[in-house]
>>> print(open('entry-v9.pdb').read())   # PDB, C-alpha atoms
ATOM      1  CA  MET A   1      19.073  12.835  11.655
ATOM      2  CA  ASN A   2      15.406  12.315  12.555
ATOM      3  CA  ILE A   3      13.753  10.351   9.751
ATOM      4  CA  GLY A   4       9.971  10.131   9.433
ATOM      5  CA  ILE A   5       8.580   7.092   7.626
ATOM      6  CA  ASP A   6       5.012   6.362   6.554
ATOM      7  CA  ILE A   7       3.807   2.744   6.522
ATOM      8  CA  ASP A   8       1.165   2.322   3.806
ATOM      9  CA  GLY A   9       2.627   2.987   0.378
ATOM     10  CA  VAL A  10       6.171   3.223   1.778
ATOM     11  CA  ILE A  11       6.951   0.208   3.979
ATOM     12  CA  ILE A  12       4.062  -1.719   2.412
ATOM     13  CA  ASP A  13       3.188  -1.658  -1.297
ATOM     14  CA  ILE A  14      -0.435  -0.550  -0.943
ATOM     15  CA  GLU A  15      -0.707   0.098  -4.681
ATOM     16  CA  GLU A  16      -0.275  -3.594  -5.481
ATOM     17  CA  PHE A  17      -2.697  -4.544  -2.693
ATOM     18  CA  LYS A  18      -5.457  -2.219  -3.841
ATOM     19  CA  MET A  19      -5.101  -3.243  -7.503
ATOM     20  CA  GLU A  20      -5.109  -6.982  -6.776
ATOM     21  CA  CYS A  21      -7.794  -7.042  -4.080
ATOM     22  CA  GLY A  22      -9.854  -4.239  -5.601
ATOM     23  CA  SER A  23     -10.140  -5.930  -8.987
ATOM     24  CA  LYS A  24     -10.901  -9.257  -7.256
ATOM     25  CA  MET A  25     -13.721  -7.566  -5.324
ATOM     26  CA  CYS A  26     -15.097  -6.029  -8.539
ATOM     27  CA  ILE A  27     -15.330  -9.454 -10.188
ATOM     28  CA  GLU A  28     -16.702 -11.251  -7.103
ATOM     29  CA  GLU A  29     -19.364  -8.590  -6.582
ATOM     30  CA  SER A  30     -20.118  -8.145 -10.330
ATOM     31  CA  TRP A  31     -19.346  -4.434 -10.113
ATOM     32  CA  GLY A  32     -17.333  -4.308 -13.322
ATOM     33  CA  ILE A  33     -13.795  -2.977 -13.479
ATOM     34  CA  ASP A  34     -12.985   0.612 -14.386
ATOM     35  CA  ILE A  35      -9.449   1.211 -13.055
ATOM     36  CA  LYS A  36      -7.997   4.694 -12.700
ATOM     37  CA  PRO A  37      -4.426   3.870 -11.573
ATOM     38  CA  ASP A  38      -3.449   7.473 -10.918
ATOM     39  CA  GLU A  39      -6.009   7.833  -8.102
ATOM     40  CA  TYR A  40      -4.780   7.538  -4.511
ATOM     41  CA  TYR A  41      -7.925   6.269  -2.759
ATOM     42  CA  VAL A  42      -9.173   2.790  -3.617
ATOM     43  CA  SER A  43     -12.745   4.105  -3.969
ATOM     44  CA  LYS A  44     -11.629   6.552  -6.677
ATOM     45  CA  THR A  45      -9.317   3.996  -8.301
ATOM     46  CA  PHE A  46     -12.347   1.763  -8.974
ATOM     47  CA  ASN A  47     -15.043   4.473  -9.069
ATOM     48  CA  TRP A  48     -16.862   2.964  -6.087
ATOM     49  CA  THR A  49     -19.647   4.344  -3.959
ATOM     50  CA  GLU A  50     -19.087   4.907  -0.245
ATOM     51  CA  GLU A  51     -20.970   1.649   0.465
ATOM     52  CA  GLN A  52     -18.749  -0.319  -1.924
ATOM     53  CA  ASP A  53     -15.648   1.215  -0.324
ATOM     54  CA  GLU A  54     -16.843   0.257   3.166
ATOM     55  CA  LYS A  55     -17.604  -3.295   2.000
ATOM     56  CA  PHE A  56     -14.091  -3.590   0.525
ATOM     57  CA  TRP A  57     -12.342  -2.439   3.703
ATOM     58  CA  LYS A  58     -14.507  -4.617   5.941
ATOM     59  CA  ARG A  59     -13.485  -7.618   3.823
ATOM     60  CA  TYR A  60      -9.787  -6.786   3.357
ATOM     61  CA  LEU A  61      -8.566  -4.373   6.032
ATOM     62  CA  LEU A  62      -7.497  -6.972   8.604
ATOM     63  CA  LYS A  63      -5.912  -9.185   5.946
ATOM     64  CA  TYR A  64      -3.949  -6.156   4.792
ATOM     65  CA  ALA A  65      -3.024  -4.781   8.241
ATOM     66  CA  LYS A  66      -2.051  -8.162   9.704
ATOM     67  CA  GLY A  67      -0.781 -10.088   6.696
ATOM     68  CA  SER A  68       0.944  -7.670   4.325
ATOM     69  CA  ILE A  69       4.570  -8.320   3.488
ATOM     70  CA  PRO A  70       6.927  -5.349   3.814
ATOM     71  CA  ARG A  71       8.621  -4.024   0.702
ATOM     72  CA  ARG A  72      11.896  -5.745  -0.090
ATOM     73  CA  TYR A  73      14.808  -4.373   1.986
ATOM     74  CA  SER A  74      12.640  -1.951   4.014
ATOM     75  CA  ALA A  75      13.483  -3.512   7.405
ATOM     76  CA  GLU A  76      17.141  -3.894   6.400
ATOM     77  CA  ILE A  77      17.532  -0.241   5.357
ATOM     78  CA  ILE A  78      15.601   1.096   8.350
ATOM     79  CA  GLU A  79      17.879  -0.868  10.675
ATOM     80  CA  LYS A  80      20.979   0.286   8.747
ATOM     81  CA  LEU A  81      19.859   3.907   9.148
ATOM     82  CA  ARG A  82      19.343   3.341  12.888
ATOM     83  CA  GLN A  83      22.763   1.716  13.251
ATOM     84  CA  GLU A  84      24.271   4.799  11.637
ATOM     85  CA  GLY A  85      22.834   6.964  14.413
ATOM     86  CA  ASN A  86      19.578   8.163  12.853
ATOM     87  CA  LYS A  87      16.305   8.169  14.807
ATOM     88  CA  ILE A  88      13.365   6.491  13.066
ATOM     89  CA  TYR A  89       9.883   7.927  13.554
ATOM     90  CA  ILE A  90       7.101   5.862  12.024
ATOM     91  CA  ILE A  91       4.358   8.420  11.324
ATOM     92  CA  THR A  92       1.160   6.819  10.043
ATOM     93  CA  ALA A  93      -2.398   7.992   9.420
ATOM     94  CA  ARG A  94      -3.790   4.538  10.234
ATOM     95  CA  ASN A  95      -7.028   4.686  12.212
ATOM     96  CA  GLN A  96     -10.115   2.648  12.980
ATOM     97  CA  TYR A  97     -11.866   3.272   9.623
ATOM     98  CA  GLY A  98     -13.072  -0.009   8.171
ATOM     99  CA  MET A  99     -12.310  -2.073  11.279
ATOM    100  CA  PRO A 100     -14.812  -4.917  11.694
ATOM    101  CA  GLU A 101     -16.839  -4.546  14.889
ATOM    102  CA  GLU A 102     -15.874  -8.042  16.021
ATOM    103  CA  GLU A 103     -12.137  -7.172  16.051
ATOM    104  CA  THR A 104     -11.002  -6.842  19.666
ATOM    105  CA  LYS A 105      -7.665  -5.139  18.954
ATOM    106  CA  SER A 106      -7.249  -1.533  17.896
ATOM    107  CA  MET A 107      -5.455  -0.572  14.688
ATOM    108  CA  GLN A 108      -2.658   0.781  16.897
ATOM    109  CA  GLU A 109      -2.170  -2.640  18.529
ATOM    110  CA  ILE A 110      -2.361  -4.459  15.190
ATOM    111  CA  THR A 111       0.198  -2.068  13.690
ATOM    112  CA  LYS A 112       2.658  -2.456  16.588
ATOM    113  CA  GLU A 113       2.373  -6.258  16.363
ATOM    114  CA  TRP A 114       2.898  -6.154  12.575
ATOM    115  CA  LEU A 115       6.014  -3.975  12.892
ATOM    116  CA  ASP A 116       7.402  -6.336  15.570
ATOM    117  CA  ARG A 117       6.607  -9.478  13.584
ATOM    118  CA  ASN A 118       8.324  -8.043  10.507
ATOM    119  CA  ASN A 119      11.405  -6.913  12.431
ATOM    120  CA  ILE A 120      10.896  -3.239  11.632
ATOM    121  CA  LYS A 121      12.668  -1.311  14.359
ATOM    122  CA  TYR A 122      11.864   2.286  15.216
ATOM    123  CA  ASP A 123      12.420   4.857  17.939
ATOM    124  CA  ASN A 124       8.925   6.320  17.982
ATOM    125  CA  LEU A 125       5.552   5.295  16.534
ATOM    126  CA  ILE A 126       3.119   8.148  15.929
ATOM    127  CA  PHE A 127      -0.500   7.761  14.855
ATOM    128  CA  ALA A 128      -1.552  11.018  13.230
ATOM    129  CA  GLY A 129      -4.381  11.916  10.901
ATOM    130  CA  ASP A 130      -3.429  13.144   7.440
ATOM    131  CA  GLU A 131      -4.008  16.732   8.567
ATOM    132  CA  GLU A 132      -1.678  16.235  11.554
ATOM    133  CA  LYS A 133       1.328  14.682   9.775
ATOM    134  CA  ARG A 134       3.086  17.944   8.939
ATOM    135  CA  GLN A 135       2.672  19.184  12.510
ATOM    136  CA  GLN A 136       4.012  15.875  13.852
ATOM    137  CA  CYS A 137       7.055  16.288  11.593
ATOM    138  CA  LEU A 138       7.614  19.782  13.005
ATOM    139  CA  ASP A 139       6.960  18.768  16.637
ATOM    140  CA  ASN A 140       9.446  15.881  16.365
ATOM    141  CA  ASN A 141      12.137  17.825  14.475
ATOM    142  CA  ILE A 142      11.925  15.492  11.476
ATOM    143  CA  ASP A 143      14.755  16.228   9.031
ATOM    144  CA  VAL A 144      13.221  14.243   6.160
ATOM    145  CA  MET A 145       9.857  12.483   5.751
ATOM    146  CA  ILE A 146       9.404   9.430   3.505
ATOM    147  CA  GLU A 147       5.823   9.597   2.220
ATOM    148  CA  ASP A 148       3.600   8.421  -0.643
ATOM    149  CA  SER A 149       0.304  10.303  -0.248
ATOM    150  CA  PRO A 150       0.107  13.131  -2.801
ATOM    151  CA  LYS A 151      -1.693  15.413  -0.351
ATOM    152  CA  ASN A 152       0.781  14.718   2.461
ATOM    153  CA  ILE A 153       3.817  15.087   0.198
ATOM    154  CA  LYS A 154       2.649  18.552  -0.876
ATOM    155  CA  ASN A 155       1.667  19.627   2.633
ATOM    156  CA  ILE A 156       4.743  18.334   4.478
ATOM    157  CA  SER A 157       7.210  19.515   1.812
ATOM    158  CA  GLU A 158       6.183  23.131   2.471
ATOM    159  CA  LYS A 159       8.102  22.864   5.760
ATOM    160  CA  VAL A 160      10.157  19.631   5.739
ATOM    161  CA  PRO A 161      12.080  17.857   2.939
ATOM    162  CA  VAL A 162      10.198  14.822   1.608
ATOM    163  CA  ILE A 163      11.373  11.677  -0.114
ATOM    164  CA  LYS A 164       8.427  10.630  -2.263
ATOM    165  CA  PHE A 165       8.225   6.844  -2.539
ATOM    166  CA  TYR A 166       7.154   6.477  -6.141
ATOM    167  CA  ASN A 167       3.734   5.025  -6.868
ATOM    168  CA  THR A 168       1.597   5.543  -9.984
ATOM    169  CA  TYR A 169      -0.801   7.741  -8.002
ATOM    170  CA  ASN A 170       1.912  10.232  -6.961
ATOM    171  CA  ASN A 171       3.798  10.444 -10.253
ATOM    172  CA  ASP A 172       2.754  14.065 -10.896
ATOM    173  CA  VAL A 173       3.705  15.358  -7.440
ATOM    174  CA  LYS A 174       6.794  17.512  -7.754
ATOM    175  CA  GLY A 175       8.340  20.414  -5.904
ATOM    176  CA  PRO A 176      11.572  22.016  -4.768
ATOM    177  CA  ASN A 177      11.599  20.171  -1.432
ATOM    178  CA  ILE A 178      10.669  16.748  -2.902
ATOM    179  CA  ARG A 179      13.016  13.950  -4.055
ATOM    180  CA  THR A 180      11.676  10.759  -5.634
ATOM    181  CA  ALA A 181      12.821   7.280  -4.579
ATOM    182  CA  TYR A 182      11.968   4.043  -6.360
ATOM    183  CA  SER A 183      13.248   1.484  -3.830
ATOM    184  CA  TRP A 184      14.554   1.264  -0.285
ATOM    185  CA  TYR A 185      18.162   1.236  -1.447
ATOM    186  CA  ASP A 186      17.375   4.361  -3.451
ATOM    187  CA  ILE A 187      16.062   5.937  -0.225
ATOM    188  CA  TYR A 188      19.294   4.957   1.516
ATOM    189  CA  ASN A 189      21.348   6.534  -1.249
ATOM    190  CA  ILE A 190      19.382   9.805  -1.075
ATOM    191  CA  ILE A 191      19.711  10.037   2.719
ATOM    192  CA  SER A 192      23.389   9.031   2.696
ATOM    193  CA  SER A 193      24.226  11.716   0.159
ATOM    194  CA  LYS A 194      22.765  14.539   2.291
TER     195      LYS A 194
END
>>> encode(input="entry-v9.pdb", output="structure tokens")
Amino acid sequence: MNIGIDIDGVIIDIEEFKMECGSKMCIEESWGIDIKPDEYYVSKTFNWTEEQDEKFWKRYLLKYAKGSIPRRYSAEIIEKLRQEGNKIYIITARNQYGMPEEETKSMQEITKEWLDRNNIKYDNLIFAGDEEKRQQCLDNNIDVMIEDSPKNIKNISEKVPVIKFYNTYNNDVKGPNIRTAYSWYDIYNIISSK
């Protein structure tokens, strides 16, 4: 089986990151806190302007991309799936948005180093914009995609089965080609029972 896996919101708990760092930024900058937990984008979660959003990512993007801790058991389950003969395709929409000008490495390099450092093994790493993810799934014969973005879940599930990694912001996303998982062992159970 070819398994597609997103990074942010799936391998990494981006919801916790944005809540913790976003509320910290609100207090430090005296912006006030008005949290909308069911919003996907951090700017909408905190009702920020484009300038506030850019300031947040300039301050926190590298800390997030280089220093985040993977979700519990993600590396273990990914390796278990590989050992059982599945091919792992990491398909991420990560790009250069928010990268500080002084950073000499690209987001692609930072991501590869982070995956290596955290012992997350894969067969192929694909950087695709949100609009390209479904096509990448089709081009790479992905049998199931593990995703968290509401927009991507809906789009990809029109053509490819999706395991939705549950987050508050994707709670309402449902469909005939969508299964919900709440942990990495839950993902393993869903895939193993196919």
>>> residues_around(input="entry-v9.pdb", residues="region 163-173 of chain A", least_positions_apart="4", cutoff="8 Å", atoms="all atoms listed in the file", output="ChimeraX atom specification")
/A:9-10,15,37-40,144-150,153-154,178-183,187
>>> closest_residue(input="entry-v9.pdb", among="A:Leu61, A:Ala93, A:Met99, A:Ile126", to="Lys112 (chain A)", atoms="all atoms listed in the file")
A:Ile126
>>> atom_distance(input="entry-v9.pdb", atom1="CA of Glu76 (chain A)", atom2="CA of Asn119 (chain A)")
8.9 Å
>>> residues_near_point(input="entry-v9.pdb", point="(18.2, 18.6, 13.4)", cutoff="7 Å", atoms="all atoms listed in the file", output="PyMOL selection string")
chain A and resi 1-2+141+143
>>> resolve_selection(input="entry-v9.pdb", expression="the PyMOL selection byres ((chain A and resi 47-58) around 8)", output="number ranges by chain")
A: 22, 25, 34-36, 42-46, 59-62, 98-100
>>> residues_around(input="entry-v9.pdb", residues="Arg71 (chain A)", least_positions_apart="5", cutoff="7 Å", atoms="only C-alpha atoms", output="MDAnalysis selection string")
chainID A and resid 11:13
>>> atom_distance(input="entry-v9.pdb", atom1="CA of Thr111 (chain A)", atom2="CA of Arg94 (chain A)")
8.5 Å
>>> resolve_selection(input="entry-v9.pdb", expression="the PyMOL selection byres ((chain A and resi 81) around 12)", output="PyMOL selection string")
chain A and resi 1-5+74-80+82-89+120-123+184-185+187-192
>>> atom_distance(input="entry-v9.pdb", atom1="CA of Arg72 (chain A)", atom2="CA of Asn95 (chain A)")
24.9 Å
>>> resolve_selection(input="entry-v9.pdb", expression="the PyMOL selection byres ((chain A and resi 132) around 10)", output="PDB file with C-alpha atoms, in the frame of the given file")
ATOM      1  CA  ILE A  91       4.358   8.420  11.324  1.00  0.00           C
ATOM      2  CA  THR A  92       1.160   6.819  10.043  1.00  0.00           C
ATOM      3  CA  ALA A  93      -2.398   7.992   9.420  1.00  0.00           C
ATOM      4  CA  PHE A 127      -0.500   7.761  14.855  1.00  0.00           C
ATOM      5  CA  ALA A 128      -1.552  11.018  13.230  1.00  0.00           C
ATOM      6  CA  GLY A 129      -4.381  11.916  10.901  1.00  0.00           C
ATOM      7  CA  ASP A 130      -3.429  13.144   7.440  1.00  0.00           C
ATOM      8  CA  GLU A 131      -4.008  16.732   8.567  1.00  0.00           C
ATOM      9  CA  LYS A 133       1.328  14.682   9.775  1.00  0.00           C
ATOM     10  CA  ARG A 134       3.086  17.944   8.939  1.00  0.00           C
ATOM     11  CA  GLN A 135       2.672  19.184  12.510  1.00  0.00           C
ATOM     12  CA  GLN A 136       4.012  15.875  13.852  1.00  0.00           C
ATOM     13  CA  CYS A 137       7.055  16.288  11.593  1.00  0.00           C
ATOM     14  CA  ASN A 152       0.781  14.718   2.461  1.00  0.00           C
ATOM     15  CA  ILE A 156       4.743  18.334   4.478  1.00  0.00           C
TER      16      ILE A 156
END
>>> residues_around(input="entry-v9.pdb", residues="Glu109 (chain A)", least_positions_apart="2", cutoff="12 Å", atoms="all atoms listed in the file", output="JSON, numbers by chain")
{"A": [65, 66, 94, 95, 96, 103, 104, 105, 106, 107, 111, 112, 113, 114, 115, 116, 125, 127]}
>>> closest_residue(input="entry-v9.pdb", among="A:Ile142, A:Met19, A:Ile14, A:Ile27", to="Ile90 (chain A)", atoms="all atoms listed in the file")
A:Ile142
>>> axis_aligned_box(input="entry-v9.pdb", around="region 25-38 of chain A", padding_each_side="4 Å", output="JSON")
{"center_x": -11.8, "center_y": -1.9, "center_z": -9.9, "size_x": 24.7, "size_y": 26.7, "size_z": 17.1}
>>> closest_residue(input="entry-v9.pdb", among="A:Ile33, A:Val162, A:Ile69, A:Ile110", to="Phe17 (chain A)", atoms="only C-alpha atoms")
A:Ile69
